[in-house]
Amino acid sequence: MFYRLLSIVRQPRASPGWQNRPSTRSSASAAEAHSVPLPAQAQVVICGGGIMGTSVAYHLSKLGWKDIVLLEQGRLAAGSTRFCAGILSTARHLTIEQKMADYSNKLYHQLEQETGIQTGYVRTGSLSLAQTQDRLISLKRINSRLNVMGIPSEIISPKRVAELHPLLNVHDLVGAMHVPEDAVMSSADVALALASAASQNNVQIYDRTAVLHVIVKKGQVTGVETDKGQIDCQYFVNCAGQWAYELGLSNEEPVSIPLHACEHFYLLTRPLETPLQSNTPTVVDPDGRIYIRNWQGGILSGGFERNPKPIFTEGKNQLEIHSLQEDWDHFEPLLSSLLRRMPELEALEIMKLVNCPETFTPDMRCVMGESPTVQGYFVLAGMNSAGLSFGGGAGKYLAEWMVYGYPSENVWDLDLKRFGALQSSRTFLRHRVMEVMPLLYDLKVPRWDFQTGRQLRTSPLYDRLDAQGARWMEKHGFERPKYFVPPDKDLLTLEQSKTFYKPDWFDIVESEVKCCKEAVCVIDMSSFTKFEITSTGDQALETLQYLFSNDLDVPVGLIVHTGMLNENGGYENDCSIARLNKRSFFMISPTDQQVHCWSWLKKHMPTDSSLILEDVSWKYTALNLIGPRAVDVLSELSYAPMTPDHFPSLFCKEMSVGYANGIRVMSMTHTGEPGFMLYIPIEYALHVYNEVMSVGQKYGIRNAGYYALRSLRIEKFFAFWGQDLNTYTTPLECGREFRVKLEKGMDFIGRDALLQQKQNGVYKRFTMFILDDHDTDLDLWPWWGEPIYRNGQYVGKTTSSAYSFTLERHVCLGFVHNFSEDTGEEQVVTPDFINRGEYEIDIAGHRFQAKAKLYPFSSLFTHKRRKEDMELSDFHGK
């Protein structure tokens with residue numbers, strides 16, 4: 001069957017011409033580069049005339065910016081945008097991606113009416129097929145989130161699938177998800193319509209004009225050098241698609257943009273004997289690794305194969321993208337999958353196999369935001385084959401970011417600053433995108449880890465811990481232990497177990513948590529971001545007092561938990577700061593804050609040379625000693641009394657541990673349990689670890705990992721930055737008023753917003769939920785992102801969850817809103833509102849009863865802590 005099709009395809013034929021048609025555009029949509037000189041200056045220069053660049057230009061002009069220039073090295077929409085399959089899908093795992101796609105859909109729907117340019121928009125709906133029960137669970141989780149966003153969606157039977165799309169073979173399906181408002185269109189025409197609307201709003205568009213490099217002075221964009229001359233500007237936006245990586249490196253001060261191109265294949269057929277209707281639903285068959293849509297009465301079908309082909313690693317460039325070489329042998333598995341799903345296509349003639357470049361990022365999420373190293377340099381690229389779906393929303397958020405200083409939604413999952421320069425190695429990117437592209441359709445169960453690009457950043461203890469059964473996860477390129485497999489467990493089975501239900505590591509983590517509560521455990525937490533801020537005078541204290549919400553003018557040796565807030569009072573960072581001496585501070589932040597936090601500090605700190613900010617993350621290995629016997633282990637190793645009377649809570653002191661000197665010992669654990677953090681100069685790490693394990697034998701010591709830490713912190717109602725806390729969450733909304741000193745004698749960023757919020761009340765409140773009727777062994781587990789219902793009405797989503805081995809129940813954390821039943825507008829959330837509700841958590845369409853709490857169940861814990869111990873930070877663990 002395949003070879004008959006193949007022989008037909010290989011017959012020479014004329015090009016279908018669809019991809020070679022000229023870019024039809026209105027006379028106002030682009031200025032001919034040879035006849036119209038470039039302006040000498042502009043407020044914004046955008047590089048890239050695809051759907052991203054035109055969307056940014058469109059939205060900036062809508063927000064009132066007028067002095068905008070868009071440059072395209074070839075013709076508008078002649079890059080990878082021209083080859084896009086034209087499918088808009090809102091069925092996404094991330095909430096922010098669902099919101100971007102939903103906005104894009106609404107924008108494109110009205111674009112033809114706004115501009116008069118036909119975009120081929122047809123609301124077809126989409127079908128996401130499930131061949132397995134696990135896939136159906138994954139779709140049910142997505143379906144629950146779409147419904148609470150107001151996006152129509154439903155789980156349907158195979159019989160219903162056959163009714164909606166009669167040509168599909170449904171015999172191997174267990175169900176599907178139907179999203180009736182998903183659509184298809186011409187992505188190139190959408191880009192041209194956006195460009196036309198932008199030009200009518202005075203955006204100047206020049207094609208056949210290449211950006212050579214961005215001019216940067218003192219860390220700020222000042223201009224752009226092109227092959228037609230220089231333009232002075234304040235802002236530059238890199239929407240160069242697959243060339244964004246190269247363009248970022250072309251500056252004197254390079255901007256790291258981690259993305260890489262792979263070949264992407266899809267085929268086009270002649271019309272069927274009875275041509276497909278234009279409103280035939282698009283089909284995604286992730287288990288078969290293919291997508292299918294109507295194309296002029298025939299079929300357009302492609303997919304994401306398991307063995308992708310990276311391209312352009314040498315940085316080669318071309319003005320316009322042409323279809324790459326056909327590779328039928330490579331496409332055969334996807335073609336076979338297509339013919340199994342639609343057997344009637346067997347005799348259909350194929351017109352062409354299209355092979356086009358598509359860019360992917362190291363974590364399957366697009367890249368957007370301002371460069372951490374160059375102010376005024378913004379990026380929007382790396383769409384992971386979802387450029388059409390995300391284009392409208394991503395352009396809107398980036399435009400808001402530029403105009404207002406922040407977008408209207410939390411986009412941390414997409415922020416360029418989630419990456420460091422270490423993730424821009426060509427070899428790393430080449431290997432990682434070969435894994436990422438297949439993952440687009442692989443089943444993503446909770447807690448899956450990337451397999452490529454690993455062991456990039458490791459603690460000095462990595463080999464020692466690995467030999468003791470450590471199983472690893474990766475964060476910001478750093479290897480961190482999840483848990484430790486005992487010698488009697490089957491390592492291979494455990495590594496391969498992936499489920500939405502109770503995981504195989506449950507008993508292992510339970511024993512680690514028990515040891516933390518009853519004896520002593522060691523967790524290697526070296527991945528934390530660690531900064532030192534020092535000055536010759538009082539500048540360090542004065543600057544930190546302005547940047548942080550808590551009072552840092554404390555006695556030397558004390559540790560302060562505090563937030564680094566933005567002007568709206570939201571968390572840019574949640575951290576712990578130890579005062580080492582009167583002019584020196586040691587700051588500990590979450591792992592993935594290394595680039596973001598550094599950028600924020602540099603942006604807001606005075607340039608006075610007497611103030612020194614140093615990243616010392618690599619200088620220290622961090623060991624967390626958790627448990628009631630930690631004090632015995634450390635006392636024996638240091639020959640110094642470590643009891644609370646001699647070493648009070650939240651205290652930092654340099655001391656000897658074993659033979660090693662200069663160890664920064666802190667009386668906190670980030671879990672609420674008793675114990676200490678040891679920050680050890682890396683040359684002493686192995687010695688101190690060996691000594692701790694040796695002395696700890698008599699106290700029942702063992703290694704533990706981040707899963708145990710997660711369970712401990714969640715049952716204590718501690719929040720993570722980046723998961724529970726973000727730039728749109730204030731201390732008052734998450735019960736952290738005690739970490740804010742509004743009257744500390746000086747102003748700080750976010751103070752005015754907090755004073756206003758204190759007066760007006762909060763519109764969301766961080767809440768702890770204990771699942772009541774949930775069977776840990778048999779029911780689906782909550783992970784994060786599950787809808788929360790109060791008295792049957794949707795009020796928010798969970799942000800994190802874990803099984804509490806103390807409560808013997810699942811604990812979910814999340815924010816509760818108060819939506820007016822009449823208007824849908826948000827109202828003030830009071831403790832009384834929280835306490836009077838009956839709550840349910842929706843896990844893949846099944847609602848479980850839950851008890852809501854605004855305070856931890858401290859009375860149920862084995863160890864009674866003093867008040868300040870219960871207020872220990874938690875952000876870490878991430």
# chains A, B, ... in the order shown; residues from 1 in each chain; ligands from 1
$ residues_around --residues "A:Gly569" --least-positions-apart "4" --cutoff "6 Å" --atoms "only C-alpha atoms" --output "JSON, numbers by chain"
{"A": [565, 730, 750, 753, 754]}
$ closest_atom_pairs --of "stretch 165-187 of chain A" --to "stretch 123-127 of chain A" --cutoff "9 Å" --atoms "only C-alpha atoms" --output "CSV"
residue,atom,partner,partner_atom,distance
A:His165,CA,A:Leu127,CA,8.9
A:Ala176,CA,A:Leu127,CA,6.5
A:Met177,CA,A:Leu127,CA,5.7
A:His178,CA,A:Leu127,CA,4.8
A:Val179,CA,A:Ser126,CA,5.2
A:Pro180,CA,A:Gly125,CA,3.8
A:Glu181,CA,A:Gly125,CA,4.9
A:Asp182,CA,A:Gly125,CA,4.3
A:Ala183,CA,A:Arg123,CA,4.2
A:Val184,CA,A:Arg123,CA,6.5
A:Met185,CA,A:Arg123,CA,8.8
$ closest_residue --among "A:Ile290, A:Leu71, A:Met677, A:Val811" --to "A:Thr226" --atoms "only C-alpha atoms"
A:Leu71
$ closest_residue --among "A:Leu94, A:Lys309, A:Thr591, A:Pro503" --to "A:Cys366" --atoms "only C-alpha atoms"
A:Leu94
$ select_by_dssp --residues "stretch 466-595 of chain A" --states "alpha helix (DSSP H)" --output "number ranges by chain"
A: 466-467, 491-496, 506-518, 539-547, 594-595
$ residues_around --residues "A:Asp172" --least-positions-apart "6" --cutoff "9 Å" --atoms "only C-alpha atoms" --output "list in words"
Ala130, Gln131, Thr132 and Pro158 of chain A
$ write_last_selection --atoms "all heavy atoms" --output "CSV table (one decimal), in the first residue's frame"
chain,number,residue,atom,x,y,z
A,130,ALA,N,-7.8,9.6,21.6
A,130,ALA,CA,-7.1,8.8,22.6
A,130,ALA,C,-7.1,7.3,22.3
A,130,ALA,O,-8.2,6.8,22.2
A,130,ALA,CB,-7.7,9.1,24.0
A,131,GLN,N,-6.0,6.7,22.1
A,131,GLN,CA,-5.9,5.3,21.9
A,131,GLN,C,-5.7,4.5,23.2
A,131,GLN,O,-5.9,3.3,23.2
A,131,GLN,CB,-4.8,4.9,20.9
A,131,GLN,CG,-4.9,5.5,19.5
A,131,GLN,CD,-3.8,5.1,18.6
A,131,GLN,OE1,-3.2,4.0,18.8
A,131,GLN,NE2,-3.5,5.9,17.6
A,132,THR,N,-5.4,5.2,24.3
A,132,THR,CA,-5.2,4.5,25.5
A,132,THR,C,-5.9,5.3,26.6
A,132,THR,O,-6.3,6.4,26.5
A,132,THR,CB,-3.7,4.5,25.9
A,132,THR,OG1,-3.2,5.8,26.1
A,132,THR,CG2,-2.8,3.9,24.8
A,158,PRO,N,-15.9,7.2,20.9
A,158,PRO,CA,-15.5,6.9,19.6
A,158,PRO,C,-16.7,7.0,18.6
A,158,PRO,O,-16.5,7.4,17.4
A,158,PRO,CB,-15.0,5.4,19.7
A,158,PRO,CG,-14.5,5.3,21.1
A,158,PRO,CD,-15.5,6.2,21.9
$ residues_around --residues "A:Glu112" --least-positions-apart "6" --cutoff "10 Å" --atoms "only C-alpha atoms" --output "list in words"
Gln118, Thr119, Gly120, Tyr121, Asp189, Val190, Ala193 and Leu194 of chain A
$ write_last_selection --atoms "N, CA, C and O atoms" --output "compact mmCIF listing (two decimals), in the first residue's frame"
# COMPACT_ATOMS: atom_id res chain seq x y z
N GLN A 118 -8.61 38.54 3.12
CA GLN A 118 -9.11 37.20 3.40
C GLN A 118 -8.01 36.35 4.02
O GLN A 118 -6.90 36.30 3.50
N THR A 119 -8.33 35.71 5.11
CA THR A 119 -7.33 34.90 5.82
C THR A 119 -7.63 33.40 5.74
O THR A 119 -6.86 32.60 6.26
N GLY A 120 -8.75 33.06 5.09
CA GLY A 120 -9.10 31.64 5.01
C GLY A 120 -9.60 31.07 6.32
O GLY A 120 -9.62 29.84 6.50
N TYR A 121 -10.01 31.93 7.25
CA TYR A 121 -10.45 31.47 8.58
C TYR A 121 -11.73 30.66 8.47
O TYR A 121 -12.73 31.12 7.92
N ASP A 189 -1.55 34.61 5.24
CA ASP A 189 -2.53 35.67 5.06
C ASP A 189 -2.88 36.35 6.38
O ASP A 189 -3.17 37.55 6.41
N VAL A 190 -2.84 35.60 7.48
CA VAL A 190 -3.04 36.22 8.80
C VAL A 190 -1.93 37.23 9.06
O VAL A 190 -2.18 38.35 9.52
N ALA A 193 -2.49 40.27 7.00
CA ALA A 193 -3.59 41.08 7.53
C ALA A 193 -3.13 41.87 8.75
O ALA A 193 -3.47 43.06 8.90
N LEU A 194 -2.34 41.24 9.61
CA LEU A 194 -1.81 41.95 10.78
C LEU A 194 -0.90 43.09 10.34
O LEU A 194 -0.94 44.19 10.90
$ closest_residue --among "A:Gly303, A:Ser424, A:Asp232, A:Asp287" --to "A:Ser256" --atoms "only C-alpha atoms"
A:Ser424
$ select_by_dssp --residues "stretch 552-634 of chain A" --states "strand (DSSP E)" --output "JSON, numbers by chain"
{"A": [559, 560, 561, 562, 563, 564, 565, 571, 572, 573, 574, 575, 576, 577, 578, 579, 580, 581, 584, 585, 586, 587, 588, 589, 611, 612, 613, 614, 615, 620, 621, 622, 623, 624, 625, 626]}
$ residues_around --residues "stretch 386-401 of chain A" --least-positions-apart "5" --cutoff "8 Å" --atoms "only C-alpha atoms" --output "tab-separated table (two decimals) with C-alpha atoms, in the first residue's frame"
chain	number	residue	atom	x	y	z
A	51	ILE	CA	3.28	36.11	12.20
A	52	MET	CA	5.23	37.00	15.38
A	53	GLY	CA	6.73	40.25	14.12
A	55	SER	CA	1.53	40.54	15.67
A	56	VAL	CA	3.88	42.58	17.87
A	57	ALA	CA	3.66	45.53	15.45
A	59	HIS	CA	-0.51	45.20	19.13
A	60	LEU	CA	2.04	47.93	19.81
A	63	LEU	CA	-1.66	50.32	22.42
A	81	THR	CA	5.05	31.32	8.58
A	84	CYS	CA	2.61	26.63	8.67
A	86	GLY	CA	-2.67	26.59	9.46
A	87	ILE	CA	-4.24	24.78	12.43
A	88	LEU	CA	-5.25	26.78	15.51
A	89	SER	CA	-5.64	24.59	18.59
A	90	THR	CA	-6.51	25.70	22.13
A	97	GLU	CA	-0.72	28.74	26.33
A	99	LYS	CA	-5.05	31.80	27.01
A	100	MET	CA	-2.73	32.81	24.17
A	101	ALA	CA	-4.41	30.41	21.74
A	102	ASP	CA	-7.90	31.49	22.81
A	103	TYR	CA	-7.04	35.15	22.28
A	104	SER	CA	-5.43	34.34	18.90
A	105	ASN	CA	-8.59	32.54	17.81
A	107	LEU	CA	-8.39	37.96	17.02
A	108	TYR	CA	-8.10	36.01	13.76
A	187	SER	CA	-1.03	31.69	8.44
A	368	MET	CA	9.47	35.81	25.04
A	369	GLY	CA	10.45	38.83	27.12
A	380	LEU	CA	9.48	36.54	20.67
A	406	TYR	CA	4.66	43.88	32.43
A	407	PRO	CA	2.09	41.76	30.50
A	408	SER	CA	-1.50	41.30	31.67
A	409	GLU	CA	-0.90	37.62	32.51
$ closest_residue --among "A:His264, A:His774, A:His846, A:Arg293" --to "A:Ser278" --atoms "only C-alpha atoms"
A:Arg293
$ closest_residue --among "A:Val203, A:Met342, A:Ala704, A:Leu416" --to "A:Gly64" --atoms "only C-alpha atoms"
A:Val203
$ residues_around --residues "A:Arg418" --least-positions-apart "3" --cutoff "8 Å" --atoms "only C-alpha atoms" --output "CSV table (one decimal) with C-alpha atoms, in the first residue's frame"
chain,number,residue,atom,x,y,z
A,412,TRP,CA,7.0,33.2,33.7
A,413,ASP,CA,6.8,29.8,32.0
A,414,LEU,CA,7.7,31.5,28.7
A,415,ASP,CA,10.1,34.2,30.0
A,476,HIS,CA,17.9,25.2,35.3
A,592,ASP,CA,15.5,29.0,38.4
A,593,GLN,CA,15.9,32.6,39.7
A,595,VAL,CA,19.1,34.9,35.7
A,596,HIS,CA,15.9,36.6,36.5
$ residues_around --residues "A:Ala381" --least-positions-apart "5" --cutoff "7 Å" --atoms "only C-alpha atoms" --output "PyMOL selection string"
chain A and resi 239-241+244+366-368
$ write_last_selection --atoms "N, CA, C and O atoms" --output "mmCIF file, in the first residue's frame"
data_model
loop_
_atom_site.group_PDB
_atom_site.id
_atom_site.type_symbol
_atom_site.label_atom_id
_atom_site.label_comp_id
_atom_site.auth_asym_id
_atom_site.auth_seq_id
_atom_site.Cartn_x
_atom_site.Cartn_y
_atom_site.Cartn_z
ATOM 1 N N CYS A 239 12.112 38.952 16.360
ATOM 2 C CA CYS A 239 11.097 37.971 15.943
ATOM 3 C C CYS A 239 11.600 37.246 14.702
ATOM 4 O O CYS A 239 10.857 37.023 13.740
ATOM 5 N N ALA A 240 12.883 36.907 14.713
ATOM 6 C CA ALA A 240 13.535 36.380 13.518
ATOM 7 C C ALA A 240 13.372 34.876 13.340
ATOM 8 O O ALA A 240 14.048 34.272 12.506
ATOM 9 N N GLY A 241 12.491 34.243 14.143
ATOM 10 C CA GLY A 241 12.238 32.819 13.957
ATOM 11 C C GLY A 241 13.485 31.977 14.131
ATOM 12 O O GLY A 241 14.208 32.112 15.108
ATOM 13 N N ALA A 244 16.696 33.692 15.005
ATOM 14 C CA ALA A 244 16.752 34.494 16.240
ATOM 15 C C ALA A 244 18.008 34.185 17.054
ATOM 16 O O ALA A 244 18.610 35.091 17.645
ATOM 17 N N CYS A 366 7.599 28.483 24.270
ATOM 18 C CA CYS A 366 8.171 29.543 23.460
ATOM 19 C C CYS A 366 9.015 30.491 24.315
ATOM 20 O O CYS A 366 9.017 30.408 25.546
ATOM 21 N N VAL A 367 9.743 31.360 23.653
ATOM 22 C CA VAL A 367 10.647 32.296 24.327
ATOM 23 C C VAL A 367 10.144 33.711 24.095
ATOM 24 O O VAL A 367 9.967 34.139 22.950
ATOM 25 N N MET A 368 9.905 34.436 25.184
ATOM 26 C CA MET A 368 9.469 35.814 25.043
ATOM 27 C C MET A 368 9.996 36.638 26.211
ATOM 28 O O MET A 368 10.381 36.103 27.248
#
$ atom_distance --atom1 "atom CA of A:Asp442" --atom2 "atom CA of A:Val284"
12.3 Å
$ closest_residue --among "A:Lys352, A:Gly297, A:Phe769, A:Cys575" --to "A:Gln277" --atoms "only C-alpha atoms"
A:Gly297
$ atom_distance --atom1 "atom CA of A:Pro681" --atom2 "atom CA of A:Gly658"
13.3 Å
